[in-house]
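K.L.:
Quick one: structure below, then a few questions.
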Amino acid sequence: MLAATVAFSIDAMLQVPREIAASLSQGSPNQVQLGIATFVVGMGCGTLFAGPLSDTFGRHKIAIGSSVLFILGALLSARAPRLETILVARTLQGVGAAGPRVVALAITRDLFSGRQMAEVVCFLMIVFSLVPVITPTMGAAISWAFGWRTIYLTFVIFSLISIFWLILRQPETLLPKARRPFSAKEIWCGIKEVFANREVVLAIGAQTLIYAMLFNALKSTQQIFDQNFDQDANFPP
């Protein structure tokens with residue numbers, strides 16, 4: 001569930017841009033897609049700090065603190081009177097969503113190594129891949145039954161369950177002696193270490209291009225079905 005937070009937060013909203021535009025942005029319906037873009041920007045910024053902070057304060061504290069930000073962003077979005085408020089709230093939600101995703105991988109690294117770690121990471125990637133298949137339909141069903149604002153409340157419930165289950169079932173995995181100080185010097189040393197590895201740099205470049213295409217598709221697909229082909233009713237949930 002921690003690893004799926006990001007995918008759930010994005011894909012559950014793919015079915016409702018028209019409803020949001022009708023409520024908050026009738027004059028500029030295309031701006032609704034910025035809700036995805038601002039979430040991704042927030043997630044990117046949060047990812048830069050979630051890892052180093054979890055190395056300093058432990059996995060649990062960062063997962064819980066990030067989830068609080070995620071929940072606040074979701075609640076603000078659910079009550080937003082204007083689209084601009086949603087965009088700010090979605091940025092905050094993206095920052096919060098980065099924590100659980102990073103912590104899920106960090107916990108895996110703490111507990112496993114070698115082939116066993118590879119198997120667990122593969123399982124996490126399978127979950128991360130399956131969630132986008134299911135959540136658009138869930139978002140459409142929730143919006144149809146209760147209205148689009150209820151989707152944000154679903155995010156709150158999802159986050160509360162995942163954090164409660166983490167606290168209940170998974171003890172802190174980062175021992176005090178393994179923690180590292182949070183400082184600009186440590187972060188800079190980590191960045192240099194990453195970019196000194198040619199294979200890692202090539203992998204980052206390839207994944208950047210792939211995700212750029214993915215998120216551009218996510219932002220524009222619904223509009224293409226609706227505005228270009230007048231087939232919004234047939235947009236696949």
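Here, A, B, ... name the chains of the structure tokens in the order displayed, residue numbers run from 1 inside each chain, and ligands are numbered from 1 in the same displayed order.
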Taking only C-alpha atoms into account, produce a table as CSV in which each residue of stretch 65-169 of chain A with an atom at most 12 Å from an atom of stretch 34-37 of chain A appears once, together with its shortest atom pair and the distance in Å to one decimal, ordered by chain and rising number.
P.N.:
residue,atom,partner,partner_atom,distance
A:Gly73,CA,A:Gly35,CA,11.8
A:Ala74,CA,A:Gly35,CA,11.9
A:Ser77,CA,A:Gly35,CA,10.0
A:Leu83,CA,A:Gly35,CA,8.6
A:Glu84,CA,A:Gly35,CA,9.3
A:Thr85,CA,A:Gly35,CA,10.1
A:Ile86,CA,A:Gly35,CA,7.0
A:Leu87,CA,A:Gly35,CA,5.4
A:Val88,CA,A:Gly35,CA,8.7
A:Ala89,CA,A:Gly35,CA,9.0
A:Arg90,CA,A:Gly35,CA,6.2
A:Thr91,CA,A:Gly35,CA,8.1
A:Leu92,CA,A:Gly35,CA,11.2
A:Gln93,CA,A:Gly35,CA,10.5
A:Gly94,CA,A:Ile36,CA,9.3
K.L.:
Taking N, CA and C atoms for each residue, export the selection above as a PDB file, in the first residue's frame.
P.N.:
ATOM      1  N   GLY A  73      -3.335  17.462   2.263  1.00  0.00           N
ATOM      2  CA  GLY A  73      -3.563  17.833   0.869  1.00  0.00           C
ATOM      3  C   GLY A  73      -4.863  17.266   0.337  1.00  0.00           C
ATOM      4  N   ALA A  74      -5.170  16.032   0.705  1.00  0.00           N
ATOM      5  CA  ALA A  74      -6.409  15.411   0.247  1.00  0.00           C
ATOM      6  C   ALA A  74      -7.638  16.107   0.829  1.00  0.00           C
ATOM      7  N   SER A  77      -8.147  19.429  -0.853  1.00  0.00           N
ATOM      8  CA  SER A  77      -8.708  19.227  -2.192  1.00  0.00           C
ATOM      9  C   SER A  77     -10.198  18.919  -2.119  1.00  0.00           C
ATOM     10  N   LEU A  83     -10.281  26.005  -8.258  1.00  0.00           N
ATOM     11  CA  LEU A  83      -9.297  25.107  -8.844  1.00  0.00           C
ATOM     12  C   LEU A  83      -7.891  25.427  -8.336  1.00  0.00           C
ATOM     13  N   GLU A  84      -7.592  26.719  -8.148  1.00  0.00           N
ATOM     14  CA  GLU A  84      -6.266  27.093  -7.671  1.00  0.00           C
ATOM     15  C   GLU A  84      -5.957  26.451  -6.317  1.00  0.00           C
ATOM     16  N   THR A  85      -6.962  26.335  -5.477  1.00  0.00           N
ATOM     17  CA  THR A  85      -6.770  25.682  -4.177  1.00  0.00           C
ATOM     18  C   THR A  85      -6.429  24.215  -4.363  1.00  0.00           C
ATOM     19  N   ILE A  86      -7.094  23.566  -5.293  1.00  0.00           N
ATOM     20  CA  ILE A  86      -6.793  22.153  -5.565  1.00  0.00           C
ATOM     21  C   ILE A  86      -5.360  21.992  -6.053  1.00  0.00           C
ATOM     22  N   LEU A  87      -4.896  22.896  -6.900  1.00  0.00           N
ATOM     23  CA  LEU A  87      -3.539  22.773  -7.430  1.00  0.00           C
ATOM     24  C   LEU A  87      -2.506  22.891  -6.309  1.00  0.00           C
ATOM     25  N   VAL A  88      -2.728  23.826  -5.383  1.00  0.00           N
ATOM     26  CA  VAL A  88      -1.822  23.953  -4.234  1.00  0.00           C
ATOM     27  C   VAL A  88      -1.909  22.710  -3.353  1.00  0.00           C
ATOM     28  N   ALA A  89      -3.135  22.253  -3.110  1.00  0.00           N
ATOM     29  CA  ALA A  89      -3.324  21.081  -2.256  1.00  0.00           C
ATOM     30  C   ALA A  89      -2.740  19.820  -2.889  1.00  0.00           C
ATOM     31  N   ARG A  90      -2.847  19.700  -4.203  1.00  0.00           N
ATOM     32  CA  ARG A  90      -2.284  18.530  -4.880  1.00  0.00           C
ATOM     33  C   ARG A  90      -0.756  18.548  -4.839  1.00  0.00           C
ATOM     34  N   THR A  91      -0.168  19.742  -4.877  1.00  0.00           N
ATOM     35  CA  THR A  91       1.287  19.829  -4.709  1.00  0.00           C
ATOM     36  C   THR A  91       1.689  19.323  -3.341  1.00  0.00           C
ATOM     37  N   LEU A  92       0.967  19.764  -2.315  1.00  0.00           N
ATOM     38  CA  LEU A  92       1.233  19.291  -0.956  1.00  0.00           C
ATOM     39  C   LEU A  92       1.021  17.786  -0.857  1.00  0.00           C
ATOM     40  N   GLN A  93      -0.017  17.304  -1.503  1.00  0.00           N
ATOM     41  CA  GLN A  93      -0.297  15.871  -1.492  1.00  0.00           C
ATOM     42  C   GLN A  93       0.831  15.096  -2.173  1.00  0.00           C
ATOM     43  N   GLY A  94       1.385  15.645  -3.249  1.00  0.00           N
ATOM     44  CA  GLY A  94       2.493  14.991  -3.928  1.00  0.00           C
ATOM     45  C   GLY A  94       3.728  14.906  -3.048  1.00  0.00           C
TER      46      GLY A  94
END
K.L.:
Residues at most 8 Å from A:Ala12, counting only C-alpha atoms, excluding those fewer than 6 positions away in the same chain, as a list in words?
P.N.:
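Selected residues are Pro132, Thr135, Pro136, Thr137, Met138, Gly139, Ala140 and Ile151 of chain A.
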K.L.:
Let's have the selection written as a tab-separated table (two decimals), in the first residue's frame, with N, CA and C atoms.
P.N.:
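Output file again.tsv follows:
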chain	number	residue	atom	x	y	z
A	132	PRO	N	-2.62	1.01	-11.28
A	132	PRO	CA	-3.21	1.84	-12.33
A	132	PRO	C	-4.26	1.13	-13.18
A	135	THR	N	-7.47	1.36	-10.31
A	135	THR	CA	-7.94	2.60	-9.68
A	135	THR	C	-8.75	3.54	-10.59
A	136	PRO	N	-8.50	3.61	-11.90
A	136	PRO	CA	-9.39	4.48	-12.69
A	136	PRO	C	-10.85	4.07	-12.61
A	137	THR	N	-11.09	2.76	-12.63
A	137	THR	CA	-12.47	2.27	-12.50
A	137	THR	C	-13.02	2.60	-11.12
A	138	MET	N	-12.19	2.44	-10.10
A	138	MET	CA	-12.62	2.79	-8.74
A	138	MET	C	-12.97	4.27	-8.65
A	139	GLY	N	-12.11	5.12	-9.22
A	139	GLY	CA	-12.38	6.55	-9.19
A	139	GLY	C	-13.66	6.91	-9.89
A	140	ALA	N	-13.89	6.28	-11.05
A	140	ALA	CA	-15.11	6.55	-11.80
A	140	ALA	C	-16.35	6.12	-11.01
A	151	ILE	N	-13.48	11.17	-3.84
A	151	ILE	CA	-12.24	10.46	-4.19
A	151	ILE	C	-11.12	10.90	-3.27
K.L.:
So that each row is one residue of stretch 16-80 of chain A with an atom at most 7 Å from stretch 171-192 of chain A, can you give its shortest atom pair and the distance in Å to one decimal, using only C-alpha atoms, rows by chain and rising number, as CSV?
P.N.:
residue,atom,partner,partner_atom,distance
A:Pro52,CA,A:Phe182,CA,6.4
A:Leu53,CA,A:Phe182,CA,6.5
A:Asp55,CA,A:Arg179,CA,5.3
A:Thr56,CA,A:Arg180,CA,5.1
A:Gly58,CA,A:Leu174,CA,5.7
A:Arg59,CA,A:Glu172,CA,6.4
A:His60,CA,A:Glu172,CA,6.1
K.L.:
Residues near stretch 100-102 of chain A, anyone? I mean within 6 Å using only C-alpha atoms, not counting same-chain ones fewer than 4 positions away, as a list in words.
P.N.:
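After dropping sequence-adjacent residues, the list is Leu2, Ala3 and Ala63 of chain A.
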K.L.:
Just N, CA and C atoms for this one: save the residues we selected as an mmCIF file, in the first residue's frame.
P.N.:
data_model
loop_
_atom_site.group_PDB
_atom_site.id
_atom_site.type_symbol
_atom_site.label_atom_id
_atom_site.label_comp_id
_atom_site.auth_asym_id
_atom_site.auth_seq_id
_atom_site.Cartn_x
_atom_site.Cartn_y
_atom_site.Cartn_z
ATOM 1 N N LEU A 2 1.997 1.210 0.720
ATOM 2 C CA LEU A 2 2.890 2.374 0.711
ATOM 3 C C LEU A 2 3.397 2.642 -0.700
ATOM 4 N N ALA A 3 3.811 1.577 -1.369
ATOM 5 C CA ALA A 3 4.351 1.733 -2.723
ATOM 6 C C ALA A 3 3.279 2.166 -3.707
ATOM 7 N N ALA A 63 7.523 8.161 7.222
ATOM 8 C CA ALA A 63 6.288 7.632 6.629
ATOM 9 C C ALA A 63 5.058 8.283 7.250
#
K.L.:
Give me, please, the distance in Å between atom CA of A:Ser66 and atom CA of A:Ser159, quoted to one decimal.
P.N.:
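Atom-to-atom, atom CA of A:Ser66 to atom CA of A:Ser159, that is 10.0 Å.
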K.L.:
To one decimal in Å, tell me the separation between atom CA of A:Phe70 and atom CA of A:Ile210.
P.N.:
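Atom CA of A:Phe70 sits 25.5 Å away from atom CA of A:Ile210.
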K.L.:
Please compute the atom CA of A:Ser28-atom CA of A:Ala212 distance, one decimal, in Å.
P.N.:
23.8 Å
K.L.:
I need the residues in stretch 2-92 of chain A that are alpha helix (DSSP H) according to DSSP; give them as a PyMOL selection string.
P.N.:
chain A and resi 5-11+17-24+34-57+59-78+83-92
K.L.:
Could you name the residues that touch A:Leu153 at 7 Å or less, counting only C-alpha atoms, but leaving out those on the same chain fewer than 4 positions away, as number ranges by chain?
P.N.:
A: 74-75, 78, 157
K.L.:
Which residues are close to A:Ala233, i.e. within 12 Å by only C-alpha atoms, leaving aside same-chain residues fewer than 2 positions away? Reply as an NGL selection string.
P.N.:
:A and (15-16 or 18 or 140 or 222-223 or 225-227 or 229-231 or 235-237)
K.L.:
Quick one: write out the picked residues with N, CA and C atoms as a PDB file, in the first residue's frame?
P.N.:
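Output file again22.pdb is given in full below:
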ATOM      1  N   GLN A  15     -10.610   9.828 -14.411  1.00  0.00           N
ATOM      2  CA  GLN A  15     -11.958   9.783 -14.965  1.00  0.00           C
ATOM      3  C   GLN A  15     -12.784  11.036 -14.689  1.00  0.00           C
ATOM      4  N   VAL A  16     -12.270  11.955 -13.877  1.00  0.00           N
ATOM      5  CA  VAL A  16     -13.138  13.029 -13.392  1.00  0.00           C
ATOM      6  C   VAL A  16     -12.748  14.448 -13.800  1.00  0.00           C
ATOM      7  N   ARG A  18     -13.703  16.219 -16.312  1.00  0.00           N
ATOM      8  CA  ARG A  18     -14.888  16.946 -16.774  1.00  0.00           C
ATOM      9  C   ARG A  18     -15.733  17.400 -15.598  1.00  0.00           C
ATOM     10  N   ALA A 140     -13.886   6.285 -11.055  1.00  0.00           N
ATOM     11  CA  ALA A 140     -15.114   6.554 -11.803  1.00  0.00           C
ATOM     12  C   ALA A 140     -16.348   6.116 -11.014  1.00  0.00           C
ATOM     13  N   GLN A 222      -7.545  11.856 -21.628  1.00  0.00           N
ATOM     14  CA  GLN A 222      -8.983  12.104 -21.460  1.00  0.00           C
ATOM     15  C   GLN A 222      -9.446  13.238 -22.368  1.00  0.00           C
ATOM     16  N   GLN A 223      -8.647  14.281 -22.494  1.00  0.00           N
ATOM     17  CA  GLN A 223      -9.015  15.402 -23.357  1.00  0.00           C
ATOM     18  C   GLN A 223      -9.057  14.992 -24.830  1.00  0.00           C
ATOM     19  N   PHE A 225      -9.805  12.015 -26.021  1.00  0.00           N
ATOM     20  CA  PHE A 225     -11.054  11.270 -26.208  1.00  0.00           C
ATOM     21  C   PHE A 225     -12.242  12.228 -26.275  1.00  0.00           C
ATOM     22  N   ASP A 226     -12.243  13.224 -25.369  1.00  0.00           N
ATOM     23  CA  ASP A 226     -13.399  14.100 -25.229  1.00  0.00           C
ATOM     24  C   ASP A 226     -13.434  15.174 -26.311  1.00  0.00           C
ATOM     25  N   GLN A 227     -12.374  15.986 -26.405  1.00  0.00           N
ATOM     26  CA  GLN A 227     -12.417  17.169 -27.257  1.00  0.00           C
ATOM     27  C   GLN A 227     -12.080  16.877 -28.719  1.00  0.00           C
ATOM     28  N   PHE A 229     -12.178  13.750 -30.315  1.00  0.00           N
ATOM     29  CA  PHE A 229     -12.987  12.717 -30.956  1.00  0.00           C
ATOM     30  C   PHE A 229     -14.414  12.648 -30.436  1.00  0.00           C
ATOM     31  N   ASP A 230     -14.753  13.495 -29.442  1.00  0.00           N
ATOM     32  CA  ASP A 230     -16.102  13.508 -28.875  1.00  0.00           C
ATOM     33  C   ASP A 230     -16.526  12.110 -28.419  1.00  0.00           C
ATOM     34  N   GLN A 231     -15.608  11.425 -27.728  1.00  0.00           N
ATOM     35  CA  GLN A 231     -15.863  10.064 -27.272  1.00  0.00           C
ATOM     36  C   GLN A 231     -15.640   9.934 -25.760  1.00  0.00           C
ATOM     37  N   PHE A 235     -14.461   6.729 -22.956  1.00  0.00           N
ATOM     38  CA  PHE A 235     -13.114   6.751 -22.382  1.00  0.00           C
ATOM     39  C   PHE A 235     -12.978   5.577 -21.420  1.00  0.00           C
ATOM     40  N   PRO A 236     -11.982   4.714 -21.632  1.00  0.00           N
ATOM     41  CA  PRO A 236     -11.907   3.475 -20.857  1.00  0.00           C
ATOM     42  C   PRO A 236     -11.633   3.752 -19.390  1.00  0.00           C
ATOM     43  N   PRO A 237     -12.483   3.261 -18.477  1.00  0.00           N
ATOM     44  CA  PRO A 237     -12.284   3.453 -17.053  1.00  0.00           C
ATOM     45  C   PRO A 237     -11.202   2.517 -16.521  1.00  0.00           C
TER      46      PRO A 237
END
K.L.:
Between A:Thr5, A:Thr150, A:Thr208, A:Gln33, which has the minimum distance to A:Ser162 (counting only C-alpha atoms)?
P.N.:
A:Thr5
